[in-house]
Amino acid sequence: MPEYPTAQYPTALGASSLEKITLLGQDLARDVMGEVGFGELAFWLATQRRPGKGETRVFEAVLAALADHGFTPTAIVARLTYLSAPDSIQGALAAGLLGGGSRFLGVTEDCGRFLHDALSTADRPVDDELALEIVRAERAAGRFIPGLGHHVHKNGDPRTARLFEIAREEGKFGPHLALFEAIGRVHPQVLGKTLPLNGAGACGAALADLGLPLELLRGFALLARAAGLIGQLAEELRTPVANEIFLSVDLNNRPVPPAGGSHG
């Protein structure tokens, strides 16, 4: 029989042998466990370079900012799924994570990409005039600016100012955050009203300034929210509310005639 070359699948991530496990070129048991924090490790896994202390602090601030924001749809659906299938914790977590989209959590990616695209076509350093041009162009095109506005924090998202502060303290306040901040200053001139820069958008700007892959920005938001969903499920075990949520809908439904219409 002919001989075929042995297939090889290179990876710099985890690998196991009879004697040890390696991760990112490190001995997992000796060099990583108890030595590397989870946030630092998540950054390292995504970039395959170990972050500095300042990068780790900003990155972990982002994770903290996105971990939980109350009874959002992602939290409610996780609790309801657990009510329906208490034997499937993975299903409850997955349900919550699948709800991370354009309205919740996805803004982190959308804002990071928006700012990156704007900067890639800019022909000068970031300033208020550049931000004004960008806001005017988006308004003329009938598009919303990701990260601008919040349904609860209408007078200012407390996460945003704190993330700006941490990034500046660590010397990681780069062009994405600078442009986002400038948009916050100038947009009232175009929109005729003042909207807050929301925390999810600030997180996207901060992650982009850290040089993290734009394609993974939503993944980092989901990483943070996974911790929050575990907290939601742990609280559901201690203080259940999912059944009340279910019954409040089920017992208050209002039958109406079919909407009608034809299909096909």
# chains A, B, ... in the order shown; residues from 1 in each chain; ligands from 1
call {"tool": "residues_around", "arguments": {"residues": "Gly204 (chain A)", "least_positions_apart": "4", "cutoff": "7 Å", "atoms": "only C-alpha atoms", "output": "PyMOL selection string"}}
result
chain A and resi 108-109+111-112+200+208+217
call {"tool": "write_last_selection", "arguments": {"atoms": "all heavy atoms", "output": "compact mmCIF listing (two decimals), in the first residue's frame"}}
result
# COMPACT_ATOMS: atom_id res chain seq x y z
N THR A 108 -20.48 46.47 21.31
CA THR A 108 -19.03 46.49 21.54
C THR A 108 -18.28 46.28 20.22
O THR A 108 -17.36 47.03 19.88
CB THR A 108 -18.65 45.40 22.55
OG1 THR A 108 -19.28 45.70 23.80
CG2 THR A 108 -17.14 45.34 22.75
N GLU A 109 -18.67 45.26 19.49
CA GLU A 109 -18.04 45.01 18.19
C GLU A 109 -18.39 46.10 17.19
O GLU A 109 -17.52 46.60 16.45
CB GLU A 109 -18.48 43.66 17.64
CG GLU A 109 -17.93 43.38 16.24
CD GLU A 109 -18.49 42.10 15.63
OE1 GLU A 109 -19.09 41.28 16.36
OE2 GLU A 109 -18.31 41.92 14.42
N CYS A 111 -19.19 49.21 17.54
CA CYS A 111 -18.52 50.48 17.78
C CYS A 111 -17.04 50.38 17.44
O CYS A 111 -16.48 51.28 16.82
CB CYS A 111 -18.72 50.91 19.22
SG CYS A 111 -18.13 52.59 19.55
N GLY A 112 -16.40 49.29 17.85
CA GLY A 112 -14.99 49.11 17.53
C GLY A 112 -14.74 49.13 16.04
O GLY A 112 -13.80 49.77 15.55
N ALA A 200 -20.87 49.93 26.48
CA ALA A 200 -20.54 48.90 25.50
C ALA A 200 -19.71 49.48 24.36
O ALA A 200 -18.74 48.85 23.89
CB ALA A 200 -21.80 48.24 24.97
N ALA A 208 -10.28 47.88 20.75
CA ALA A 208 -9.62 48.20 19.48
C ALA A 208 -8.29 48.89 19.73
O ALA A 208 -7.29 48.62 19.04
CB ALA A 208 -10.53 49.07 18.62
N LEU A 217 -14.20 41.00 18.84
CA LEU A 217 -14.66 41.93 19.87
C LEU A 217 -15.95 41.46 20.52
O LEU A 217 -16.12 41.57 21.74
CB LEU A 217 -14.83 43.34 19.29
CG LEU A 217 -13.56 44.02 18.76
CD1 LEU A 217 -13.83 45.50 18.50
CD2 LEU A 217 -12.39 43.86 19.72
call {"tool": "residues_around", "arguments": {"residues": "Leu115 (chain A)", "least_positions_apart": "4", "cutoff": "12 Å", "atoms": "only C-alpha atoms", "output": "PyMOL selection string"}}
result
chain A and resi 107-111+119-122+126+130-131+134-135+145-147+174-183+201-209+214
call {"tool": "residues_around", "arguments": {"residues": "Leu41 (chain A)", "least_positions_apart": "6", "cutoff": "12 Å", "atoms": "only C-alpha atoms", "output": "PyMOL selection string"}}
result
chain A and resi 13+23-24+26+28+31-35+47-52+55-56+59-60
call {"tool": "write_last_selection", "arguments": {"atoms": "N, CA and C atoms", "output": "CSV table (one decimal), in the first residue's frame"}}
result
chain,number,residue,atom,x,y,z
A,13,LEU,N,-1.5,26.7,21.0
A,13,LEU,CA,-2.3,26.7,22.2
A,13,LEU,C,-2.1,25.5,23.0
A,23,LEU,N,0.6,25.1,27.2
A,23,LEU,CA,-0.3,26.1,26.8
A,23,LEU,C,0.4,27.4,26.5
A,24,LEU,N,0.3,27.8,25.2
A,24,LEU,CA,1.1,29.0,24.8
A,24,LEU,C,2.6,28.9,25.0
A,26,GLN,N,3.9,27.4,27.4
A,26,GLN,CA,4.2,27.4,28.8
A,26,GLN,C,3.8,26.0,29.4
A,28,LEU,N,1.6,24.3,31.6
A,28,LEU,CA,0.3,24.7,32.2
A,28,LEU,C,0.3,24.6,33.7
A,31,ASP,N,3.7,26.9,35.1
A,31,ASP,CA,3.9,28.3,34.7
A,31,ASP,C,2.6,29.1,34.6
A,32,VAL,N,1.5,28.5,34.5
A,32,VAL,CA,0.2,29.2,34.2
A,32,VAL,C,-0.7,29.1,35.4
A,33,MET,N,-1.0,27.9,35.9
A,33,MET,CA,-1.9,27.8,37.0
A,33,MET,C,-1.4,28.5,38.3
A,34,GLY,N,-2.1,29.4,38.8
A,34,GLY,CA,-1.7,30.1,40.0
A,34,GLY,C,-0.8,31.2,39.7
A,35,GLU,N,-0.4,31.4,38.5
A,35,GLU,CA,0.6,32.4,38.1
A,35,GLU,C,0.0,33.5,37.2
A,47,THR,N,-4.3,36.8,21.4
A,47,THR,CA,-3.2,37.5,20.7
A,47,THR,C,-2.0,36.7,20.5
A,48,GLN,N,-1.8,35.7,21.4
A,48,GLN,CA,-0.6,34.8,21.4
A,48,GLN,C,0.6,35.7,21.8
A,49,ARG,N,0.3,36.7,22.6
A,49,ARG,CA,1.4,37.5,23.2
A,49,ARG,C,0.9,37.9,24.6
A,50,ARG,N,1.8,37.8,25.6
A,50,ARG,CA,1.4,38.1,26.9
A,50,ARG,C,1.2,39.6,27.1
A,51,PRO,N,0.1,40.0,27.6
A,51,PRO,CA,-0.1,41.5,27.8
A,51,PRO,C,0.7,42.1,28.9
A,52,GLY,N,1.0,43.3,28.8
A,52,GLY,CA,1.6,44.0,29.9
A,52,GLY,C,0.6,44.3,31.0
A,55,GLU,N,-2.2,46.8,29.9
A,55,GLU,CA,-3.1,46.2,28.9
A,55,GLU,C,-4.1,45.3,29.7
A,56,THR,N,-3.5,44.5,30.6
A,56,THR,CA,-4.4,43.6,31.4
A,56,THR,C,-5.4,44.4,32.2
A,59,PHE,N,-8.1,45.6,29.9
A,59,PHE,CA,-8.9,44.5,29.4
A,59,PHE,C,-9.8,44.0,30.4
A,60,GLU,N,-9.3,43.8,31.6
A,60,GLU,CA,-10.1,43.3,32.7
A,60,GLU,C,-11.2,44.3,33.1
call {"tool": "select_by_dssp", "arguments": {"residues": "region 34-197 of chain A", "states": "strand (DSSP E or B)", "output": "PyMOL selection string"}}
result
chain A and resi 101+105+148+197
call {"tool": "write_last_selection", "arguments": {"atoms": "N, CA and C atoms", "output": "mmCIF file, in the first residue's frame"}}
result
data_model
loop_
_atom_site.group_PDB
_atom_site.id
_atom_site.type_symbol
_atom_site.label_atom_id
_atom_site.label_comp_id
_atom_site.auth_asym_id
_atom_site.auth_seq_id
_atom_site.Cartn_x
_atom_site.Cartn_y
_atom_site.Cartn_z
ATOM 1 N N GLY A 101 -26.555 40.307 20.671
ATOM 2 C CA GLY A 101 -26.611 40.743 19.278
ATOM 3 C C GLY A 101 -26.513 42.245 19.143
ATOM 4 N N LEU A 105 -24.804 43.783 23.826
ATOM 5 C CA LEU A 105 -23.450 43.230 23.721
ATOM 6 C C LEU A 105 -22.818 43.438 22.346
ATOM 7 N N LEU A 148 -23.630 55.332 20.783
ATOM 8 C CA LEU A 148 -24.190 56.629 21.154
ATOM 9 C C LEU A 148 -25.630 56.436 21.620
ATOM 10 N N LEU A 197 -22.441 58.531 25.732
ATOM 11 C CA LEU A 197 -21.589 57.483 25.163
ATOM 12 C C LEU A 197 -21.754 56.254 26.056
#
call {"tool": "residues_around", "arguments": {"residues": "Val77 (chain A)", "least_positions_apart": "4", "cutoff": "9 Å", "atoms": "only C-alpha atoms", "output": "list in words"}}
result
Thr72, Pro73, Thr81, Tyr82, Ala92, Ala95, Gly96, Gly99 and Ala242 of chain A
call {"tool": "atom_distance", "arguments": {"atom1": "CA of Leu63 (chain A)", "atom2": "CA of Ala227 (chain A)"}}
result
9.2 Å
call {"tool": "residues_around", "arguments": {"residues": "Arg79 (chain A)", "least_positions_apart": "5", "cutoff": "12 Å", "atoms": "only C-alpha atoms", "output": "ChimeraX atom specification"}}
result
/A:71-74,84-86,88-96,228-237,239-246
call {"tool": "residues_around", "arguments": {"residues": "Arg225 (chain A)", "least_positions_apart": "3", "cutoff": "8 Å", "atoms": "only C-alpha atoms", "output": "number ranges by chain"}}
result
A: 66-68, 97, 221-222, 228-229
call {"tool": "closest_residue", "arguments": {"among": "A:Glu40, A:Ala12, A:Leu247, A:Asn155", "to": "Leu80 (chain A)", "atoms": "only C-alpha atoms"}}
result
A:Leu247
call {"tool": "select_by_dssp", "arguments": {"residues": "region 15-114 of chain A", "states": "helix (DSSP H, G or I)", "output": "ChimeraX atom specification"}}
result
/A:28-32,38-47,53-66,73-84,89-98,106-114
call {"tool": "write_last_selection", "arguments": {"atoms": "C-alpha atoms", "output": "compact mmCIF listing (two decimals), in the first residue's frame"}}
result
# COMPACT_ATOMS: atom_id res chain seq x y z
CA LEU A 28 0.34 24.70 32.20
CA ALA A 29 0.67 23.26 35.68
CA ARG A 30 3.93 24.99 36.62
CA ASP A 31 3.91 28.31 34.73
CA VAL A 32 0.25 29.19 34.22
CA PHE A 38 -7.88 34.57 33.83
CA GLY A 39 -8.23 37.96 32.14
CA GLU A 40 -4.54 38.01 31.31
CA LEU A 41 -4.80 34.47 29.97
CA ALA A 42 -7.82 35.30 27.78
CA PHE A 43 -5.89 38.20 26.22
CA TRP A 44 -2.83 35.99 25.75
CA LEU A 45 -4.88 33.23 24.11
CA ALA A 46 -6.44 35.66 21.62
CA THR A 47 -3.25 37.48 20.66
CA LYS A 53 0.11 45.10 33.24
CA GLY A 54 -1.55 48.18 31.75
CA GLU A 55 -3.10 46.18 28.95
CA THR A 56 -4.36 43.59 31.41
CA ARG A 57 -5.92 46.25 33.65
CA VAL A 58 -7.79 47.88 30.76
CA PHE A 59 -8.86 44.51 29.37
CA GLU A 60 -10.15 43.30 32.72
CA ALA A 61 -11.96 46.61 33.24
CA VAL A 62 -13.78 45.92 29.97
CA LEU A 63 -14.71 42.42 31.13
CA ALA A 64 -16.05 43.83 34.40
CA ALA A 65 -18.04 46.49 32.57
CA LEU A 66 -19.78 43.93 30.37
CA PRO A 73 -33.03 39.85 27.74
CA THR A 74 -29.88 37.70 27.91
CA ALA A 75 -30.30 37.26 31.67
CA ILE A 76 -34.03 36.64 31.49
CA VAL A 77 -33.75 34.03 28.75
CA ALA A 78 -31.00 32.21 30.66
CA ARG A 79 -33.20 32.05 33.76
CA LEU A 80 -36.26 30.93 31.79
CA THR A 81 -34.28 28.26 29.96
CA TYR A 82 -33.00 26.97 33.28
CA LEU A 83 -36.59 26.90 34.56
CA SER A 84 -37.59 24.84 31.54
CA ILE A 89 -26.97 24.34 32.68
CA GLN A 90 -25.14 24.52 29.35
CA GLY A 91 -28.45 25.18 27.59
CA ALA A 92 -29.26 28.06 29.92
CA LEU A 93 -25.84 29.62 29.41
CA ALA A 94 -26.00 29.09 25.65
CA ALA A 95 -29.45 30.68 25.47
CA GLY A 96 -28.17 33.78 27.21
CA LEU A 97 -25.09 34.02 25.03
CA LEU A 98 -27.08 33.55 21.83
CA GLY A 106 -23.01 43.46 19.95
CA VAL A 107 -22.54 47.22 20.26
CA THR A 108 -19.03 46.49 21.54
CA GLU A 109 -18.04 45.01 18.19
CA ASP A 110 -20.11 47.44 16.13
CA CYS A 111 -18.52 50.48 17.78
CA GLY A 112 -14.99 49.11 17.53
CA ARG A 113 -15.44 48.39 13.83
CA PHE A 114 -17.09 51.75 13.17
call {"tool": "decode", "arguments": {"residues": "region 19-95 of chain A", "atoms": "C-alpha atoms", "output": "mmCIF file, in the first residue's frame"}}
result
data_model
loop_
_atom_site.group_PDB
_atom_site.id
_atom_site.type_symbol
_atom_site.label_atom_id
_atom_site.label_comp_id
_atom_site.auth_asym_id
_atom_site.auth_seq_id
_atom_site.Cartn_x
_atom_site.Cartn_y
_atom_site.Cartn_z
ATOM 1 C CA GLU A 19 4.094 13.859 31.085
ATOM 2 C CA LYS A 20 2.660 17.382 30.793
ATOM 3 C CA ILE A 21 0.289 19.887 29.259
ATOM 4 C CA THR A 22 1.580 22.948 27.474
ATOM 5 C CA LEU A 23 -0.335 26.141 26.777
ATOM 6 C CA LEU A 24 1.062 29.043 24.770
ATOM 7 C CA GLY A 25 4.475 27.463 25.063
ATOM 8 C CA GLN A 26 4.244 27.368 28.850
ATOM 9 C CA ASP A 27 4.002 24.432 31.205
ATOM 10 C CA LEU A 28 0.341 24.698 32.198
ATOM 11 C CA ALA A 29 0.673 23.263 35.681
ATOM 12 C CA ARG A 30 3.925 24.992 36.624
ATOM 13 C CA ASP A 31 3.907 28.313 34.732
ATOM 14 C CA VAL A 32 0.248 29.189 34.217
ATOM 15 C CA MET A 33 -1.904 27.775 37.020
ATOM 16 C CA GLY A 34 -1.708 30.084 40.017
ATOM 17 C CA GLU A 35 0.595 32.440 38.120
ATOM 18 C CA VAL A 36 -1.561 33.950 35.347
ATOM 19 C CA GLY A 37 -4.937 35.579 35.966
ATOM 20 C CA PHE A 38 -7.884 34.568 33.830
ATOM 21 C CA GLY A 39 -8.231 37.958 32.143
ATOM 22 C CA GLU A 40 -4.538 38.011 31.314
ATOM 23 C CA LEU A 41 -4.804 34.465 29.971
ATOM 24 C CA ALA A 42 -7.820 35.300 27.784
ATOM 25 C CA PHE A 43 -5.892 38.202 26.225
ATOM 26 C CA TRP A 44 -2.833 35.987 25.751
ATOM 27 C CA LEU A 45 -4.882 33.229 24.110
ATOM 28 C CA ALA A 46 -6.439 35.655 21.623
ATOM 29 C CA THR A 47 -3.249 37.485 20.664
ATOM 30 C CA GLN A 48 -0.615 34.835 21.449
ATOM 31 C CA ARG A 49 1.412 37.485 23.207
ATOM 32 C CA ARG A 50 1.424 38.084 26.927
ATOM 33 C CA PRO A 51 -0.107 41.471 27.769
ATOM 34 C CA GLY A 52 1.595 44.050 29.915
ATOM 35 C CA LYS A 53 0.114 45.104 33.238
ATOM 36 C CA GLY A 54 -1.548 48.177 31.755
ATOM 37 C CA GLU A 55 -3.101 46.179 28.945
ATOM 38 C CA THR A 56 -4.360 43.592 31.415
ATOM 39 C CA ARG A 57 -5.915 46.254 33.645
ATOM 40 C CA VAL A 58 -7.789 47.876 30.756
ATOM 41 C CA PHE A 59 -8.865 44.505 29.366
ATOM 42 C CA GLU A 60 -10.150 43.301 32.724
ATOM 43 C CA ALA A 61 -11.960 46.612 33.237
ATOM 44 C CA VAL A 62 -13.784 45.925 29.973
ATOM 45 C CA LEU A 63 -14.711 42.420 31.133
ATOM 46 C CA ALA A 64 -16.047 43.829 34.402
ATOM 47 C CA ALA A 65 -18.036 46.489 32.568
ATOM 48 C CA LEU A 66 -19.775 43.926 30.366
ATOM 49 C CA ALA A 67 -20.306 41.079 32.834
ATOM 50 C CA ASP A 68 -23.817 41.939 33.980
ATOM 51 C CA HIS A 69 -26.295 44.761 33.526
ATOM 52 C CA GLY A 70 -29.378 43.527 35.344
ATOM 53 C CA PHE A 71 -32.467 41.831 33.959
ATOM 54 C CA THR A 72 -31.535 42.245 30.314
ATOM 55 C CA PRO A 73 -33.026 39.849 27.737
ATOM 56 C CA THR A 74 -29.880 37.703 27.912
ATOM 57 C CA ALA A 75 -30.296 37.263 31.671
ATOM 58 C CA ILE A 76 -34.026 36.638 31.490
ATOM 59 C CA VAL A 77 -33.754 34.029 28.746
ATOM 60 C CA ALA A 78 -31.002 32.210 30.656
ATOM 61 C CA ARG A 79 -33.199 32.053 33.759
ATOM 62 C CA LEU A 80 -36.255 30.934 31.785
ATOM 63 C CA THR A 81 -34.277 28.257 29.962
ATOM 64 C CA TYR A 82 -32.998 26.970 33.275
ATOM 65 C CA LEU A 83 -36.588 26.905 34.556
ATOM 66 C CA SER A 84 -37.585 24.842 31.544
ATOM 67 C CA ALA A 85 -34.543 22.557 31.559
ATOM 68 C CA PRO A 86 -32.856 22.552 34.990
ATOM 69 C CA ASP A 87 -30.877 19.499 33.912
ATOM 70 C CA SER A 88 -29.100 21.573 31.228
ATOM 71 C CA ILE A 89 -26.972 24.341 32.675
ATOM 72 C CA GLN A 90 -25.144 24.517 29.353
ATOM 73 C CA GLY A 91 -28.447 25.180 27.588
ATOM 74 C CA ALA A 92 -29.261 28.061 29.918
ATOM 75 C CA LEU A 93 -25.838 29.619 29.409
ATOM 76 C CA ALA A 94 -25.999 29.089 25.654
ATOM 77 C CA ALA A 95 -29.451 30.676 25.474
#
